[in-house]
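Take a look at the structure below.
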Amino acid sequence: MGDASPKVKVAVVQASPILFNREATVEKALHLVSEAAENGSKLILFPEAFIPAYPRGLSFGTVVGSRKPEGRLTWERYWANSVDVPGPTTDRIGEAARQANAYLAMGVIERDSQYSRGTLYCTLLYFGPDGRLLGKHRKIMPTGAERLIWGAGDGSTLTVIKTEIGTIGGLICWENYMPLARTFMYSKGVEIYLAPTADARERWQSTLQHIALEGRCFVLGCNQYVTKSMYPADLEGIEDLEGLPEEICRGGSVIISPLGEVLAGPLYGGEGILYADLDLAQVVRSRFDFDAVGHYSRPDIFQLHVDERSKPSVLSNEIDQFKSPPEFDETEKK
């Protein structure tokens with residue numbers, strides 16, 4: 001026998017944010033991280049857009065060709081409660097990961113405070129057990145009306161983290177329907193595939209099982225549990241929720257093995273934390289007869305080219321206007 005593969009306990013946190021309240025949601029998240037750590041978890045996953053909310057059911061006052069002033073106020077509140085990366089919120093989450101001595105993946109709405117200060121991204125943040133922010137993934141393709149409120153990430157944040165407990169990476173919600181994006185994740189050697197989502201349909205379970213079988217990796221699916229009464233009563237645009245059922249998002253978090261076996265969940269109808277012990281040797285054994293980017297890939301026929309460069313909209317060679325000009329050399333006149 002060769003070297004023993006690591007075994008790791010993981011936690012998938014299905015919880016409700018304190019909607020549109022960043023600070024209260026962070027406090028709740030810190031308690032949940034502590035609970036998962038007390039139960040021995042070395043990798044803890046939270047849902048898509050957990051801080052400050054996935055704004056299901058809201059229109060932001062928008063129809064094709066028109067935006068209402070009230071919708072701009074909804075946007076302003078969403079922006080005000082979103083997360084600077086890095087910033088005070090990521091510092092607090094990182095400290096929670098350090099205290100837990102665990103890897104932590106947290107779904108946030110990231111606001112672009114470096115460039116435009118006018119764009120939000122649906123982002124998955126990765127923290128290490130030393131508390132460092134190890135990387136982030138910005139959703140590269142918001143779905144449907146999400147495009148009204150979130151920008152699209154570029155290839156520079158197709159992040160995969162190599163760790164002593166396995167190679168961790170993944171995609172957000174319906175990015176997981178993008179075959180080429182999945183293929184790229186597999187090419188990075190993902191062993192523990194994270195799939196935070198807002199999709200609570202039963203058929204989503206089939207998608208996650210397919211990814212596990214296709215990528216021959218463990219898949220951690222994670223969703224929120226949210227009811228209509230959890231929305232702030234004074235939220236601009238709250239009338240959009242009229243006619244929706246009380247249970248707006250029922251969950252569906254799950255943990256699946258590399259051969260498609262459901263190890264925990266799916267969890268519906270409430271908050272909770274799913275746990276599973278992952279034996280990374282199963283990844284190796286599962287790839288004996290199928291390796292999507294290895295012996296089953298046929299590179300003589302198919303090839304995928306991925307651009308991982310950052311794509312800023314403005315490129316500037318900065319000139320320090322306060323810097324003294326170079327001294328004039330009298331000899332240059334001769």
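By convention here, the chains of the structure tokens are called A, B, ... in the order presented, each chain's residues are numbered starting at 1, and ligands are numbered starting at 1 in the order presented.
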Could you give me, as a PDB file with N, CA and C atoms, in the first residue's frame, the residues within 10 Å of A:Ile165, counting only C-alpha atoms and dropping anything in the same chain fewer than 4 positions from it?
ATOM      1  N   SER A   5      -4.242   8.171   2.231  1.00  0.00           N
ATOM      2  CA  SER A   5      -4.864   9.443   1.879  1.00  0.00           C
ATOM      3  C   SER A   5      -5.525  10.036   3.114  1.00  0.00           C
ATOM      4  N   PRO A   6      -5.578  11.369   3.194  1.00  0.00           N
ATOM      5  CA  PRO A   6      -6.176  11.986   4.380  1.00  0.00           C
ATOM      6  C   PRO A   6      -7.681  11.763   4.434  1.00  0.00           C
ATOM      7  N   LYS A   7      -8.187  11.749   5.649  1.00  0.00           N
ATOM      8  CA  LYS A   7      -9.624  11.752   5.881  1.00  0.00           C
ATOM      9  C   LYS A   7      -9.969  13.058   6.574  1.00  0.00           C
ATOM     10  N   VAL A   8     -11.050  13.656   6.165  1.00  0.00           N
ATOM     11  CA  VAL A   8     -11.381  14.982   6.674  1.00  0.00           C
ATOM     12  C   VAL A   8     -12.878  15.075   6.940  1.00  0.00           C
ATOM     13  N   LYS A   9     -13.225  15.690   8.066  1.00  0.00           N
ATOM     14  CA  LYS A   9     -14.629  15.941   8.388  1.00  0.00           C
ATOM     15  C   LYS A   9     -15.011  17.309   7.847  1.00  0.00           C
ATOM     16  N   LYS A  42     -13.099  20.328   9.566  1.00  0.00           N
ATOM     17  CA  LYS A  42     -11.886  20.967   9.069  1.00  0.00           C
ATOM     18  C   LYS A  42     -12.126  21.748   7.789  1.00  0.00           C
ATOM     19  N   LEU A  43     -13.330  21.640   7.251  1.00  0.00           N
ATOM     20  CA  LEU A  43     -13.757  22.438   6.103  1.00  0.00           C
ATOM     21  C   LEU A  43     -15.221  22.782   6.321  1.00  0.00           C
ATOM     22  N   TYR A 103     -10.549  25.267   7.333  1.00  0.00           N
ATOM     23  CA  TYR A 103     -10.778  25.990   6.097  1.00  0.00           C
ATOM     24  C   TYR A 103     -12.248  26.400   6.057  1.00  0.00           C
ATOM     25  N   GLU A 191     -10.655  17.927  -5.682  1.00  0.00           N
ATOM     26  CA  GLU A 191     -11.072  16.710  -4.984  1.00  0.00           C
ATOM     27  C   GLU A 191     -12.307  16.954  -4.122  1.00  0.00           C
ATOM     28  N   ILE A 192     -12.417  18.169  -3.574  1.00  0.00           N
ATOM     29  CA  ILE A 192     -13.597  18.569  -2.796  1.00  0.00           C
ATOM     30  C   ILE A 192     -14.201  19.771  -3.510  1.00  0.00           C
ATOM     31  N   LEU A 278     -14.906  12.524   4.904  1.00  0.00           N
ATOM     32  CA  LEU A 278     -14.491  12.252   3.537  1.00  0.00           C
ATOM     33  C   LEU A 278     -13.159  11.510   3.535  1.00  0.00           C
ATOM     34  N   ASP A 279     -13.125  10.401   2.824  1.00  0.00           N
ATOM     35  CA  ASP A 279     -11.896   9.630   2.637  1.00  0.00           C
ATOM     36  C   ASP A 279     -11.377   9.956   1.251  1.00  0.00           C
ATOM     37  N   LEU A 280     -10.295  10.731   1.176  1.00  0.00           N
ATOM     38  CA  LEU A 280      -9.791  11.195  -0.110  1.00  0.00           C
ATOM     39  C   LEU A 280      -9.291  10.053  -0.987  1.00  0.00           C
TER      40      LEU A 280
END
Item to complete: Going by DSSP on the backbone, which bits of stretch 38-236 of chain A are strand (DSSP E or B)? Write them as a PyMOL selection string, please.
Response: chain A and resi 43-45+51+62-63+66-67+83+103-111+120-127+133-138+160-163+166-170+192-196+218-222+226-227
With N, CA and C atoms kept, could you save the residues just selected as a short mmCIF file (atom, residue, chain, number, x, y, z; two decimals), in the first residue's frame?
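selection-v5.cif, freshly written:
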data_model
loop_
_atom_site.label_atom_id
_atom_site.label_comp_id
_atom_site.auth_asym_id
_atom_site.auth_seq_id
_atom_site.Cartn_x
_atom_site.Cartn_y
_atom_site.Cartn_z
N LEU A 43 -13.33 21.64 7.25
CA LEU A 43 -13.76 22.44 6.10
C LEU A 43 -15.22 22.78 6.32
N ILE A 44 -15.55 24.08 6.26
CA ILE A 44 -16.89 24.56 6.55
C ILE A 44 -17.37 25.41 5.38
N LEU A 45 -18.52 25.05 4.82
CA LEU A 45 -19.06 25.75 3.66
C LEU A 45 -20.38 26.44 4.01
N ILE A 51 -23.94 36.53 3.06
CA ILE A 51 -23.82 37.89 3.60
C ILE A 51 -23.92 38.87 2.44
N THR A 62 -37.32 47.33 -11.35
CA THR A 62 -36.83 47.30 -12.73
C THR A 62 -37.73 46.49 -13.65
N VAL A 63 -38.06 47.06 -14.76
CA VAL A 63 -38.62 46.34 -15.90
C VAL A 63 -37.80 46.77 -17.12
N SER A 66 -36.99 50.62 -17.89
CA SER A 66 -37.37 51.56 -16.84
C SER A 66 -36.86 51.10 -15.48
N ARG A 67 -36.42 52.05 -14.65
CA ARG A 67 -36.02 51.82 -13.27
C ARG A 67 -36.74 52.81 -12.37
N VAL A 83 -19.98 43.51 1.16
CA VAL A 83 -18.70 43.24 1.82
C VAL A 83 -17.53 43.76 0.98
N TYR A 103 -10.55 25.27 7.33
CA TYR A 103 -10.78 25.99 6.10
C TYR A 103 -12.25 26.40 6.06
N LEU A 104 -12.50 27.60 5.55
CA LEU A 104 -13.84 28.16 5.57
C LEU A 104 -14.14 28.80 4.23
N ALA A 105 -15.26 28.45 3.63
CA ALA A 105 -15.71 29.05 2.37
C ALA A 105 -17.03 29.76 2.63
N MET A 106 -17.05 31.06 2.36
CA MET A 106 -18.20 31.89 2.72
C MET A 106 -18.73 32.62 1.49
N GLY A 107 -20.04 32.48 1.23
CA GLY A 107 -20.68 33.21 0.14
C GLY A 107 -21.05 34.61 0.58
N VAL A 108 -20.56 35.61 -0.16
CA VAL A 108 -20.84 37.00 0.15
C VAL A 108 -21.23 37.75 -1.11
N ILE A 109 -21.84 38.91 -0.91
CA ILE A 109 -21.98 39.88 -1.98
C ILE A 109 -20.84 40.88 -1.79
N GLU A 110 -19.94 40.88 -2.76
CA GLU A 110 -18.74 41.71 -2.69
C GLU A 110 -18.98 43.01 -3.43
N ARG A 111 -18.63 44.11 -2.79
CA ARG A 111 -18.75 45.38 -3.50
C ARG A 111 -17.37 45.82 -3.97
N LEU A 120 -21.48 45.22 -7.77
CA LEU A 120 -21.49 44.13 -6.79
C LEU A 120 -21.20 42.82 -7.51
N TYR A 121 -20.56 41.90 -6.80
CA TYR A 121 -20.28 40.57 -7.32
C TYR A 121 -20.77 39.52 -6.34
N CYS A 122 -21.28 38.43 -6.88
CA CYS A 122 -21.60 37.25 -6.06
C CYS A 122 -20.31 36.46 -5.93
N THR A 123 -19.78 36.36 -4.72
CA THR A 123 -18.41 35.90 -4.51
C THR A 123 -18.35 34.81 -3.46
N LEU A 124 -17.46 33.85 -3.68
CA LEU A 124 -17.15 32.83 -2.68
C LEU A 124 -15.74 33.10 -2.18
N LEU A 125 -15.61 33.32 -0.86
CA LEU A 125 -14.32 33.61 -0.24
C LEU A 125 -13.76 32.36 0.42
N TYR A 126 -12.45 32.18 0.29
CA TYR A 126 -11.76 31.04 0.88
C TYR A 126 -10.81 31.53 1.98
N PHE A 127 -10.95 30.99 3.18
CA PHE A 127 -10.08 31.32 4.30
C PHE A 127 -9.35 30.07 4.77
N LEU A 133 -7.05 35.17 4.18
CA LEU A 133 -7.92 35.09 3.01
C LEU A 133 -7.08 34.50 1.88
N LEU A 134 -7.39 33.27 1.49
CA LEU A 134 -6.57 32.53 0.53
C LEU A 134 -6.94 32.82 -0.91
N GLY A 135 -8.16 33.25 -1.14
CA GLY A 135 -8.59 33.50 -2.52
C GLY A 135 -10.08 33.75 -2.57
N LYS A 136 -10.55 34.06 -3.76
CA LYS A 136 -11.98 34.29 -3.96
C LYS A 136 -12.37 33.87 -5.37
N HIS A 137 -13.65 33.56 -5.51
CA HIS A 137 -14.21 33.28 -6.83
C HIS A 137 -15.41 34.19 -7.04
N ARG A 138 -15.35 35.02 -8.07
CA ARG A 138 -16.51 35.83 -8.45
C ARG A 138 -17.32 35.08 -9.50
N VAL A 160 -8.78 27.69 -7.17
CA VAL A 160 -8.66 26.37 -6.57
C VAL A 160 -7.56 26.44 -5.52
N ILE A 161 -7.82 25.86 -4.35
CA ILE A 161 -6.89 25.93 -3.23
C ILE A 161 -6.35 24.52 -2.95
N LYS A 162 -5.04 24.36 -3.06
CA LYS A 162 -4.41 23.08 -2.71
C LYS A 162 -4.07 23.11 -1.22
N THR A 163 -4.58 22.14 -0.47
CA THR A 163 -4.40 22.10 0.96
C THR A 163 -3.99 20.70 1.41
N GLY A 166 -6.80 18.19 0.99
CA GLY A 166 -7.32 17.96 -0.35
C GLY A 166 -7.36 19.24 -1.15
N THR A 167 -7.59 19.11 -2.45
CA THR A 167 -7.68 20.27 -3.33
C THR A 167 -9.13 20.73 -3.40
N ILE A 168 -9.35 22.00 -3.04
CA ILE A 168 -10.69 22.55 -2.84
C ILE A 168 -10.97 23.61 -3.90
N GLY A 169 -12.14 23.56 -4.51
CA GLY A 169 -12.55 24.57 -5.47
C GLY A 169 -14.00 24.33 -5.84
N GLY A 170 -14.51 25.12 -6.78
CA GLY A 170 -15.88 24.91 -7.20
C GLY A 170 -16.48 26.10 -7.90
N ILE A 192 -12.42 18.17 -3.57
CA ILE A 192 -13.60 18.57 -2.80
C ILE A 192 -14.20 19.77 -3.51
N TYR A 193 -15.32 19.52 -4.18
CA TYR A 193 -15.93 20.49 -5.08
C TYR A 193 -17.06 21.20 -4.33
N LEU A 194 -16.97 22.52 -4.22
CA LEU A 194 -17.96 23.31 -3.49
C LEU A 194 -18.98 23.89 -4.47
N ALA A 195 -20.27 23.73 -4.14
CA ALA A 195 -21.33 24.22 -5.02
C ALA A 195 -22.39 24.96 -4.21
N PRO A 196 -22.03 26.12 -3.65
CA PRO A 196 -23.05 26.93 -2.98
C PRO A 196 -24.06 27.41 -4.00
N PHE A 218 -15.68 14.68 -4.37
CA PHE A 218 -16.73 14.93 -3.40
C PHE A 218 -17.39 16.26 -3.76
N VAL A 219 -18.71 16.33 -3.64
CA VAL A 219 -19.45 17.55 -3.93
C VAL A 219 -20.20 17.98 -2.68
N LEU A 220 -20.01 19.24 -2.30
CA LEU A 220 -20.71 19.83 -1.17
C LEU A 220 -21.67 20.88 -1.71
N GLY A 221 -22.96 20.56 -1.69
CA GLY A 221 -23.98 21.52 -2.11
C GLY A 221 -24.54 22.24 -0.90
N CYS A 222 -24.68 23.56 -1.00
CA CYS A 222 -25.08 24.34 0.18
C CYS A 222 -26.06 25.44 -0.21
N VAL A 226 -34.86 30.21 3.85
CA VAL A 226 -35.37 31.57 4.01
C VAL A 226 -36.89 31.56 3.91
N THR A 227 -37.53 32.32 4.80
CA THR A 227 -38.98 32.53 4.72
C THR A 227 -39.26 34.01 4.46
#
Practice prompt. Compile the contact shell of stretch 30-37 of chain A as number ranges by chain: residues with an atom at most 8 Å away, counting only C-alpha atoms, same-chain residues fewer than 5 positions apart removed.
Written response: A: 11, 13, 42, 44, 93, 96-97, 99-102, 273
Same residues, C-alpha atoms, output as a PDB file, in the first residue's frame:
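Saved result, result.pdb, follows:
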ATOM      1  CA  ALA A  11     -19.594  20.735   7.419  1.00  0.00           C
ATOM      2  CA  VAL A  13     -24.112  25.051   6.856  1.00  0.00           C
ATOM      3  CA  LYS A  42     -11.886  20.967   9.069  1.00  0.00           C
ATOM      4  CA  ILE A  44     -16.891  24.561   6.553  1.00  0.00           C
ATOM      5  CA  ILE A  93     -14.439  35.891   9.234  1.00  0.00           C
ATOM      6  CA  ALA A  96     -13.278  32.826  13.044  1.00  0.00           C
ATOM      7  CA  ALA A  97     -11.512  30.412  10.670  1.00  0.00           C
ATOM      8  CA  GLN A  99     -10.127  30.040  15.979  1.00  0.00           C
ATOM      9  CA  ALA A 100     -11.857  27.075  14.346  1.00  0.00           C
ATOM     10  CA  ASN A 101      -8.540  25.839  12.897  1.00  0.00           C
ATOM     11  CA  ALA A 102     -10.482  25.035   9.739  1.00  0.00           C
ATOM     12  CA  ILE A 273     -25.536  21.663   9.595  1.00  0.00           C
TER      13      ILE A 273
END
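Across the model, the gap from atom CA of A:Trp150 to atom CA of A:Tyr115 is 15.0 Å.
Atom CA of A:Arg216 lies 17.0 Å from atom CA of A:Ala276.
Atom CA of A:Asp240 to atom CA of A:Gly144 spans 16.9 Å [interatomic distance, one decimal].
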Practice prompt. With a distance cut-off of 9 Å and only C-alpha atoms, select the neighbouring residues of A:Ile18, excluding the residue or stretch itself and same-chain residues fewer than 5 positions from it, and output the selection as a ChimeraX atom specification.
Written response: /A:23-26,28,50-53,230-232
